[in-house]
Structure formats: structure tokens, C-alpha cells
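Below is the file model_20.csv, which contains CSV, C-alpha atoms.
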```
chain,number,residue,atom,x,y,z
A,1,MET,CA,-24.1,31.4,30.7
A,2,ASN,CA,-20.6,31.2,29.3
A,3,PRO,CA,-18.7,34.5,29.4
A,4,LYS,CA,-18.7,36.7,26.3
A,5,PRO,CA,-16.0,35.4,23.9
A,6,ARG,CA,-13.0,37.6,23.1
A,7,ALA,CA,-12.3,38.8,19.5
A,8,LYS,CA,-9.8,36.7,17.5
A,9,LYS,CA,-7.4,38.8,15.6
A,10,PRO,CA,-6.7,36.2,12.8
A,11,LEU,CA,-10.4,36.3,12.0
A,12,GLY,CA,-10.5,40.1,11.8
A,13,GLN,CA,-13.1,40.4,14.5
A,14,HIS,CA,-14.1,43.7,16.0
A,15,PHE,CA,-17.4,43.4,17.9
A,16,LEU,CA,-20.0,46.2,17.9
A,17,ALA,CA,-20.4,47.3,21.5
A,18,ASN,CA,-22.7,50.4,21.2
A,19,PRO,CA,-26.5,49.8,21.1
A,20,GLY,CA,-27.1,53.3,19.8
A,21,TYR,CA,-25.1,52.6,16.6
A,22,CYS,CA,-26.7,49.2,16.2
A,23,GLN,CA,-30.1,51.0,16.2
A,24,LYS,CA,-28.8,53.5,13.6
A,25,ILE,CA,-27.6,50.6,11.4
A,26,VAL,CA,-30.9,48.9,11.6
A,27,GLN,CA,-32.8,52.1,10.7
A,28,PHE,CA,-30.5,52.7,7.7
A,29,ALA,CA,-31.2,49.1,6.6
A,30,GLN,CA,-34.9,49.8,6.7
A,31,ILE,CA,-35.9,46.5,8.3
A,32,GLY,CA,-39.6,45.9,8.5
A,33,PRO,CA,-42.0,43.2,9.9
A,34,ASP,CA,-42.2,41.4,6.5
A,35,ASP,CA,-38.4,41.1,6.1
A,36,THR,CA,-36.2,38.1,6.5
A,37,VAL,CA,-32.7,39.3,7.5
A,38,VAL,CA,-29.5,37.3,7.0
A,39,GLU,CA,-26.8,38.7,9.2
A,40,ILE,CA,-23.2,38.0,8.2
A,41,GLY,CA,-20.9,37.7,11.2
A,42,SER,CA,-23.2,38.1,14.2
A,43,GLY,CA,-20.3,38.2,16.7
A,44,THR,CA,-21.5,38.7,20.2
A,45,GLY,CA,-25.0,39.5,19.0
A,46,LEU,CA,-25.5,43.2,19.8
A,47,LEU,CA,-26.7,44.0,16.2
A,48,THR,CA,-28.6,40.8,16.2
A,49,GLN,CA,-30.5,42.0,19.3
A,50,ALA,CA,-31.5,45.2,17.4
A,51,LEU,CA,-32.7,43.2,14.4
A,52,LEU,CA,-34.9,40.6,16.1
A,53,PRO,CA,-37.8,42.8,17.2
A,54,LEU,CA,-38.1,44.4,13.8
A,55,ALA,CA,-37.8,41.6,11.3
A,56,ARG,CA,-40.1,38.7,10.6
A,57,LYS,CA,-37.1,36.3,10.8
A,58,VAL,CA,-33.3,36.7,11.4
A,59,VAL,CA,-30.8,34.1,10.2
A,60,ALA,CA,-27.4,34.6,11.8
A,61,ILE,CA,-24.3,33.3,9.9
A,62,GLU,CA,-21.3,32.9,12.1
A,63,PHE,CA,-18.0,31.1,11.4
A,64,ASP,CA,-16.5,31.1,14.9
A,65,SER,CA,-17.7,28.0,16.8
A,66,GLU,CA,-17.2,29.7,20.2
A,67,LEU,CA,-19.4,32.5,19.1
A,68,VAL,CA,-22.0,30.2,17.7
A,69,GLN,CA,-22.3,28.5,21.1
A,70,TYR,CA,-22.5,31.9,22.8
A,71,LEU,CA,-25.3,33.0,20.5
A,72,LYS,CA,-27.3,29.8,21.0
A,73,GLU,CA,-27.2,30.3,24.7
A,74,HIS,CA,-27.8,34.1,24.6
A,75,PHE,CA,-30.7,34.0,22.2
A,76,ARG,CA,-32.3,30.7,23.3
A,77,ASP,CA,-36.1,30.8,22.7
A,78,GLN,CA,-35.9,34.1,20.8
A,79,GLY,CA,-36.5,32.7,17.4
A,80,LEU,CA,-33.1,33.3,16.0
A,81,ASP,CA,-31.8,30.8,13.4
A,82,ILE,CA,-28.1,30.3,13.8
A,83,ILE,CA,-25.9,28.7,11.1
A,84,GLN,CA,-22.3,28.0,11.6
A,85,ALA,CA,-20.6,28.5,8.2
A,86,ASP,CA,-17.9,30.2,6.3
A,87,ILE,CA,-19.7,33.0,4.4
A,88,LEU,CA,-17.2,32.7,1.5
A,89,SER,CA,-18.5,29.1,0.8
A,90,PHE,CA,-22.0,29.5,2.2
A,91,ASP,CA,-24.9,27.6,0.6
A,92,TRP,CA,-27.4,30.5,0.4
A,93,SER,CA,-30.3,28.1,-0.2
A,94,SER,CA,-30.0,27.1,3.5
A,95,ALA,CA,-30.9,30.7,4.5
A,96,GLY,CA,-34.5,30.1,3.5
A,97,PRO,CA,-36.6,31.3,0.7
A,98,PRO,CA,-35.6,34.6,-0.9
A,99,PRO,CA,-35.8,37.5,-1.1
A,100,PHE,CA,-34.1,38.7,2.1
A,101,LYS,CA,-32.1,41.6,3.3
A,102,VAL,CA,-28.5,41.2,4.2
A,103,VAL,CA,-26.8,43.0,7.1
A,104,GLY,CA,-23.3,42.5,8.2
A,105,ASN,CA,-20.4,43.8,10.2
A,106,LEU,CA,-17.8,42.3,7.8
A,107,PRO,CA,-14.4,41.2,9.0
A,108,TYR,CA,-11.9,43.7,7.6
A,109,ASN,CA,-9.6,41.0,6.2
A,110,ILE,CA,-12.2,39.4,3.9
A,111,ALA,CA,-14.7,42.2,3.3
A,112,THR,CA,-14.0,42.7,-0.4
A,113,ARG,CA,-14.1,39.0,-1.0
A,114,ILE,CA,-17.5,38.7,0.8
A,115,LEU,CA,-18.9,41.5,-1.4
A,116,GLN,CA,-17.7,39.9,-4.6
A,117,GLU,CA,-19.4,36.7,-3.4
A,118,MET,CA,-22.7,38.6,-3.2
A,119,ILE,CA,-22.7,39.2,-6.9
A,120,PRO,CA,-23.7,35.6,-8.0
A,121,ILE,CA,-26.6,35.6,-5.5
A,122,LYS,CA,-27.8,39.1,-6.0
A,123,ASP,CA,-31.1,37.9,-7.3
A,124,LYS,CA,-31.8,36.5,-3.9
A,125,PHE,CA,-31.6,39.7,-1.8
A,126,GLN,CA,-33.2,43.1,-1.8
A,127,SER,CA,-30.4,45.1,-0.2
A,128,GLY,CA,-27.2,44.6,1.6
A,129,THR,CA,-26.2,46.9,4.5
A,130,PHE,CA,-22.6,46.5,5.3
A,131,LEU,CA,-20.2,47.9,7.9
A,132,LEU,CA,-16.8,48.2,6.4
A,133,GLN,CA,-13.4,49.7,6.8
A,134,LYS,CA,-13.9,53.3,5.6
A,135,GLU,CA,-11.1,52.9,3.1
A,136,VAL,CA,-12.9,50.0,1.4
A,137,ALA,CA,-16.2,52.0,1.5
A,138,GLN,CA,-14.5,54.9,-0.3
A,139,ARG,CA,-13.3,52.6,-3.0
A,140,ILE,CA,-16.9,51.3,-3.5
A,141,LEU,CA,-18.5,54.7,-3.5
A,142,SER,CA,-15.8,56.7,-5.4
A,143,PRO,CA,-16.8,58.8,-8.5
A,144,PRO,CA,-14.4,59.0,-11.4
A,145,ASN,CA,-11.3,61.2,-11.2
A,146,CYS,CA,-10.5,60.1,-7.7
A,147,LYS,CA,-7.6,58.1,-6.3
A,148,ASP,CA,-10.1,55.6,-4.8
A,149,TYR,CA,-11.8,54.9,-8.2
A,150,GLY,CA,-10.7,51.6,-9.7
A,151,TYR,CA,-11.6,48.0,-10.6
A,152,PHE,CA,-13.6,47.3,-7.4
A,153,THR,CA,-15.5,50.6,-7.8
A,154,LEU,CA,-16.6,49.6,-11.3
A,155,LEU,CA,-17.5,46.0,-10.4
A,156,MET,CA,-19.7,47.2,-7.5
A,157,GLU,CA,-21.3,49.9,-9.7
A,158,TYR,CA,-22.0,47.5,-12.5
A,159,HIS,CA,-24.1,45.2,-10.2
A,160,PHE,CA,-25.4,47.5,-7.4
A,161,HIS,CA,-26.9,50.9,-6.6
A,162,ARG,CA,-24.5,52.2,-4.0
A,163,THR,CA,-25.6,54.4,-1.1
A,164,ALA,CA,-23.3,56.0,1.4
A,165,GLY,CA,-24.4,55.9,5.0
A,166,PHE,CA,-22.4,57.1,8.0
A,167,ASP,CA,-19.0,56.7,9.7
A,168,ILE,CA,-18.6,54.7,12.8
A,169,PRO,CA,-15.7,55.6,15.1
A,170,PRO,CA,-13.2,53.0,16.5
A,171,GLY,CA,-14.4,53.4,20.1
A,172,VAL,CA,-17.7,51.7,19.2
A,173,PHE,CA,-16.0,48.4,18.8
A,174,VAL,CA,-14.3,45.9,21.1
A,175,PRO,CA,-11.4,45.8,20.5
A,176,PRO,CA,-11.2,49.2,18.8
A,177,PRO,CA,-9.8,49.0,15.3
A,178,LYS,CA,-7.1,51.5,14.2
A,179,VAL,CA,-9.3,52.9,11.5
A,180,THR,CA,-12.7,54.5,11.1
A,181,SER,CA,-15.5,52.3,9.7
A,182,HIS,CA,-18.4,53.2,7.4
A,183,VAL,CA,-21.9,51.8,6.8
A,184,LEU,CA,-23.1,51.7,3.2
A,185,GLN,CA,-25.9,50.0,1.3
A,186,LEU,CA,-25.8,48.0,-1.9
A,187,GLU,CA,-29.0,47.4,-3.8
A,188,PRO,CA,-28.9,44.8,-6.6
A,189,ARG,CA,-29.7,45.9,-10.0
A,190,ASP,CA,-29.4,44.8,-13.6
A,191,PRO,CA,-26.3,46.2,-15.2
A,192,PRO,CA,-27.0,49.6,-16.6
A,193,PHE,CA,-24.6,49.0,-19.5
A,194,PRO,CA,-24.6,45.3,-20.2
A,195,VAL,CA,-21.6,43.6,-21.7
A,196,PRO,CA,-21.7,40.3,-23.6
A,197,GLU,CA,-19.3,38.4,-21.4
A,198,GLU,CA,-18.7,39.5,-17.8
A,199,SER,CA,-15.5,37.5,-17.2
A,200,ALA,CA,-13.9,39.2,-20.2
A,201,PHE,CA,-15.1,42.6,-18.9
A,202,ARG,CA,-13.5,41.9,-15.5
A,203,THR,CA,-10.3,41.1,-17.2
A,204,LEU,CA,-10.5,44.3,-19.2
A,205,LEU,CA,-11.1,46.4,-16.0
A,206,LYS,CA,-8.2,44.7,-14.2
A,207,THR,CA,-5.9,45.4,-17.2
A,208,ALA,CA,-7.1,49.0,-17.3
A,209,PHE,CA,-6.0,49.6,-13.7
A,210,GLN,CA,-2.8,47.5,-13.7
A,211,HIS,CA,-0.6,50.6,-13.9
A,212,ARG,CA,-2.6,53.6,-12.7
A,213,ARG,CA,0.1,56.1,-13.6
A,214,LYS,CA,-0.1,55.0,-17.3
A,215,THR,CA,-2.7,56.1,-19.7
A,216,LEU,CA,-5.6,53.7,-20.4
A,217,TRP,CA,-4.3,53.3,-23.9
A,218,ASN,CA,-0.9,52.1,-22.8
A,219,ASN,CA,-2.5,49.7,-20.3
A,220,LEU,CA,-4.7,48.1,-23.0
A,221,LYS,CA,-2.4,48.2,-26.0
A,222,SER,CA,-0.4,45.1,-25.0
A,223,GLY,CA,-1.5,42.2,-27.2
A,224,ARG,CA,-3.9,44.4,-29.2
A,225,ASP,CA,-3.7,45.8,-32.7
A,226,PRO,CA,-3.7,49.6,-32.5
A,227,GLY,CA,-5.9,49.5,-35.5
A,228,GLN,CA,-8.5,47.9,-33.3
A,229,LEU,CA,-7.9,50.0,-30.3
A,230,ARG,CA,-8.1,53.4,-32.0
A,231,PRO,CA,-11.7,53.1,-33.4
A,232,ALA,CA,-12.8,51.6,-30.0
A,233,PHE,CA,-11.6,54.6,-28.1
A,234,GLU,CA,-13.1,56.9,-30.7
A,235,GLY,CA,-16.4,55.1,-30.7
A,236,CYS,CA,-16.6,55.1,-26.9
A,237,ARG,CA,-15.6,58.8,-26.7
A,238,ILE,CA,-12.5,58.1,-24.7
A,239,PRO,CA,-9.6,60.6,-25.2
A,240,ALA,CA,-6.4,58.8,-26.2
A,241,GLN,CA,-4.6,60.3,-23.2
A,242,ALA,CA,-7.2,59.4,-20.6
A,243,ARG,CA,-6.1,57.8,-17.5
A,244,PRO,CA,-7.9,54.8,-16.1
A,245,GLU,CA,-9.6,56.7,-13.3
A,246,GLN,CA,-11.0,59.3,-15.8
A,247,VAL,CA,-13.2,56.7,-17.7
A,248,THR,CA,-16.8,56.0,-16.6
A,249,LEU,CA,-18.5,52.7,-16.3
A,250,GLU,CA,-20.5,53.4,-19.4
A,251,GLN,CA,-17.3,54.0,-21.4
A,252,TYR,CA,-15.7,50.9,-20.0
A,253,ALA,CA,-18.8,48.9,-20.9
A,254,CYS,CA,-18.6,50.3,-24.4
A,255,LEU,CA,-15.0,49.0,-24.7
A,256,GLY,CA,-16.2,45.7,-23.3
A,257,ARG,CA,-18.6,45.4,-26.2
A,258,VAL,CA,-16.3,46.4,-29.0
A,259,LEU,CA,-12.9,45.0,-28.0
```

Rendering of file as C-alpha cells:
Amino acid sequence: MNPKPRAKKPLGQHFLANPGYCQKIVQFAQIGPDDTVVEIGSGTGLLTQALLPLARKVVAIEFDSELVQYLKEHFRDQGLDIIQADILSFDWSSAGPPPFKVVGNLPYNIATRILQEMIPIKDKFQSGTFLLQKEVAQRILSPPNCKDYGYFTLLMEYHFHRTAGFDIPPGVFVPPPKVTSHVLQLEPRDPPFPVPEESAFRTLLKTAFQHRRKTLWNNLKSGRDPGQLRPAFEGCRIPAQARPEQVTLEQYACLGRVL
């Protein structure tokens, strides 16, 4: 068998190297014998090894051709489906019939892009258990009135139930990253406060957080008639001096419906 490939820095690779933490991730993901699991970024396959005995089927998505070859040799005759693909342009129909559970140790450099790509296919999966840079996890999980609360928080909250898991220290990886990681779970849901047009709502959220030190009013007033903005704030029960991080998803969705 070929030697285990080394991590490639340009691809943001940090391979899990601790079986105990892999077991902990799999338990948190609640993988059972009826589940099809799609693993994003299988790397050298340690987490894959923990998934295989528990799931009905595991589909490994890996971009790195060297790792794909290693996985094919290492998991020969173990029933693992391996697909070489870029997850950012992946055809999810090739993963098999839904629903499935998604598990992934996401590359730090594209983690937020991957999670945004999960939104259009959220009707295909039951849950997503992701290992992320802790800083990104904090942004996803943040409540209002925190420095981490922002556009990405609200986008994730709009589409998913968010559940915090546990931290993973740098020494669990090869090579060790310079930061702590965190495992969290996203469970798709219908938006709790629907808006008529999501693209316009995303634009509203981006504008709201364009200048965090300004009030929400000042961020939104450009190009808008104050006569339109004032009743919107009043109707959505948003104080005129509120800052972007003080406003809840329900209040932003209200603005999305009336502006």
C-alpha cells in the first residue's frame, strides 16, 4: 500500500489523527444502521473508519486525487463509495437517494462556502455534523448582542437548527492547526419567519452589517425614503438607535417583508 499522503497547505487540509475523537464525532452525529452518510473531505479516512461499521452506507467525497487513490486502496472491499469531486460544485444526485446525513471535517479556507452550498440541497439531508474552526462555529452559533453575531449567523439560523457540540484541540490533527476546532450540528428546517424573496433578504442582511459600528438605521437609510424606513422600524419593534447585532432574526425577517 502507498504511504499515507501528507496534508497540502493550499487545500487547507488538517487530517484527524485521534480515533477517540472520531468516535465522539460519530456519536454526536447519531449515525444508525439505516443511515446513508455522505462524508465531505475524507482525508486519510480515520473518521471514515469510524462511520463504516455504524451506517448502512458511506459515500466519501474527496477532492485530492492522491487521497482518493489512498482511500481506494485502504478501504478496498469494505463497501465504501468514493467520489472524487469538488464539494463546491458537487452534483448531489450522484450521492444516491436522499435523505442522508452529512459529516465533514471541512477545510478551514472554504468552510463557510461549503455551508452556504448546503442551503440549496437542505431538503436532501437530515442533519449535517461539521468540524470547523472554532471562530467560524462561534459565528454560526452566536446569539444577538455578541460580536460574533452577523450576516452568516442569521443566514444559518434562517435555514437550520444549530446545535453546539464540543471543542477539538489542535493536537488531534496532522498537521496541528494554530487554532481550536469545534464540532456542531445543523438540522435543516423551514424558515421560522419566511420572507417573500430570499435574495433580497440576503442583500438586506449584508447591508445591515456593512458597518457594524453604525446603527442599523444608518446602514439601511442609503437609497431609502425615511418615510418608508420609520414605519418599518416601528412595525417591527426595532428601536431607531439599535445596532445591527441587537436585532433578532424575527425582526430582520419582518423588515424583509415590509421594505

Is it possible to get the residues within 12 Å of (-18.1, 44.1, 17.7) (coordinates as in the file, counting all atoms listed in the file) written as a VMD selection string?
chain A and resid 4 to 8 12 to 19 21 to 22 41 to 48 67 104 to 108 131 168 170 to 177 181

Close residues, Gln69 of chain A itself excluded, 10 Å, all atoms listed in the file, min 3 positions apart in chain, as an mmCIF file with C-alpha atoms, in the coordinates of the input:
```
data_model
loop_
_atom_site.group_PDB
_atom_site.id
_atom_site.type_symbol
_atom_site.label_atom_id
_atom_site.label_comp_id
_atom_site.auth_asym_id
_atom_site.auth_seq_id
_atom_site.Cartn_x
_atom_site.Cartn_y
_atom_site.Cartn_z
ATOM 1 C CA ASN A 2 -20.600 31.200 29.300
ATOM 2 C CA PRO A 5 -16.000 35.400 23.900
ATOM 3 C CA ASP A 64 -16.500 31.100 14.900
ATOM 4 C CA SER A 65 -17.700 28.000 16.800
ATOM 5 C CA GLU A 66 -17.200 29.700 20.200
ATOM 6 C CA LYS A 72 -27.300 29.800 21.000
ATOM 7 C CA GLU A 73 -27.200 30.300 24.700
ATOM 8 C CA HIS A 74 -27.800 34.100 24.600
ATOM 9 C CA ILE A 82 -28.100 30.300 13.800
ATOM 10 C CA GLN A 84 -22.300 28.000 11.600
#
```

Could you give me, as CSV, a per-residue list for segment 114-188 of chain A showing, wherever an atom lies at most 12 Å from an atom of segment 251-254 of chain A, the closest pair of atoms and their distance in Å to one decimal, using all atoms listed in the file and sorting by chain then residue number from low to high?
```
residue,atom,partner,partner_atom,distance
A:Pro144,CA,A:Gln251,CA,11.6
A:Gly150,CA,A:Tyr252,CA,11.5
A:Tyr151,CA,A:Tyr252,CA,10.7
A:Leu154,CA,A:Tyr252,CA,8.8
A:Leu155,CA,A:Tyr252,CA,10.9
A:Glu157,CA,A:Ala253,CA,11.5
A:Tyr158,CA,A:Ala253,CA,9.1
```

Could you save those same residues with C-alpha atoms as an mmCIF file, keeping the file's coordinate frame?
```
data_model
loop_
_atom_site.group_PDB
_atom_site.id
_atom_site.type_symbol
_atom_site.label_atom_id
_atom_site.label_comp_id
_atom_site.auth_asym_id
_atom_site.auth_seq_id
_atom_site.Cartn_x
_atom_site.Cartn_y
_atom_site.Cartn_z
ATOM 1 C CA PRO A 144 -14.400 59.000 -11.400
ATOM 2 C CA GLY A 150 -10.700 51.600 -9.700
ATOM 3 C CA TYR A 151 -11.600 48.000 -10.600
ATOM 4 C CA LEU A 154 -16.600 49.600 -11.300
ATOM 5 C CA LEU A 155 -17.500 46.000 -10.400
ATOM 6 C CA GLU A 157 -21.300 49.900 -9.700
ATOM 7 C CA TYR A 158 -22.000 47.500 -12.500
#
```

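Using all atoms listed in the file, the protein and nucleic acid residues lying no more than 9 Å from Ala137 of chain A, apart from those fewer than 5 places from it along its own chain, are Leu131, Leu132, Ser142, Ala164, Ser181, His182, Val183 and Leu184 of chain A.
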
Output file for the selection above: C-alpha atoms, as a PDB file, in the frame of the given file:
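Listing of selection_34.pdb after writing:
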```pdb
ATOM      1  CA  LEU A 131     -20.200  47.900   7.900  1.00  0.00           C
ATOM      2  CA  LEU A 132     -16.800  48.200   6.400  1.00  0.00           C
ATOM      3  CA  SER A 142     -15.800  56.700  -5.400  1.00  0.00           C
ATOM      4  CA  ALA A 164     -23.300  56.000   1.400  1.00  0.00           C
ATOM      5  CA  SER A 181     -15.500  52.300   9.700  1.00  0.00           C
ATOM      6  CA  HIS A 182     -18.400  53.200   7.400  1.00  0.00           C
ATOM      7  CA  VAL A 183     -21.900  51.800   6.800  1.00  0.00           C
ATOM      8  CA  LEU A 184     -23.100  51.700   3.200  1.00  0.00           C
TER       9      LEU A 184
END
```

Nearest to Gly256 of chain A, chosen from A:Thr153, A:Thr112, A:Gln133, A:Thr203, with only C-alpha atoms counted in the distances:
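Residue with the minimum atom-to-atom distance to Gly256 of chain A: A:Thr203.
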
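The closest residue to Met156 of chain A, picked from A:Lys178, A:Lys122, A:Arg237, A:Arg213 and counting all atoms listed in the file, is A:Lys122.
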
Dig up all the protein and nucleic acid residues within 7 Å of (-4.9, 44.9, -20.9) in the file frame, using all atoms listed in the file, and format them as a PyMOL selection string.
chain A and resi 204+207-208+219-222

Straight-line distance linking atom CA of Ile25 of chain A with atom CA of Thr129 of chain A, stated in Å to one decimal
8.0 Å

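Counting only C-alpha atoms, the residue from A:Asp34, A:Glu117, A:Asp77, A:Glu197 that sits nearest to Asp91 of chain A is A:Glu117.
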
For a test of reading the model, state the distance in Å between atom CA of Asp123 of chain A and atom CA of Arg189 of chain A, rounded to one decimal.
8.6 Å

List as a PyMOL selection string the protein and nucleic acid residues near Pro97 of chain A, meaning an atom at most 10 Å away when only C-alpha atoms are counted, but skip any in the same chain fewer than 5 places from it.
chain A and resi 36+92+124
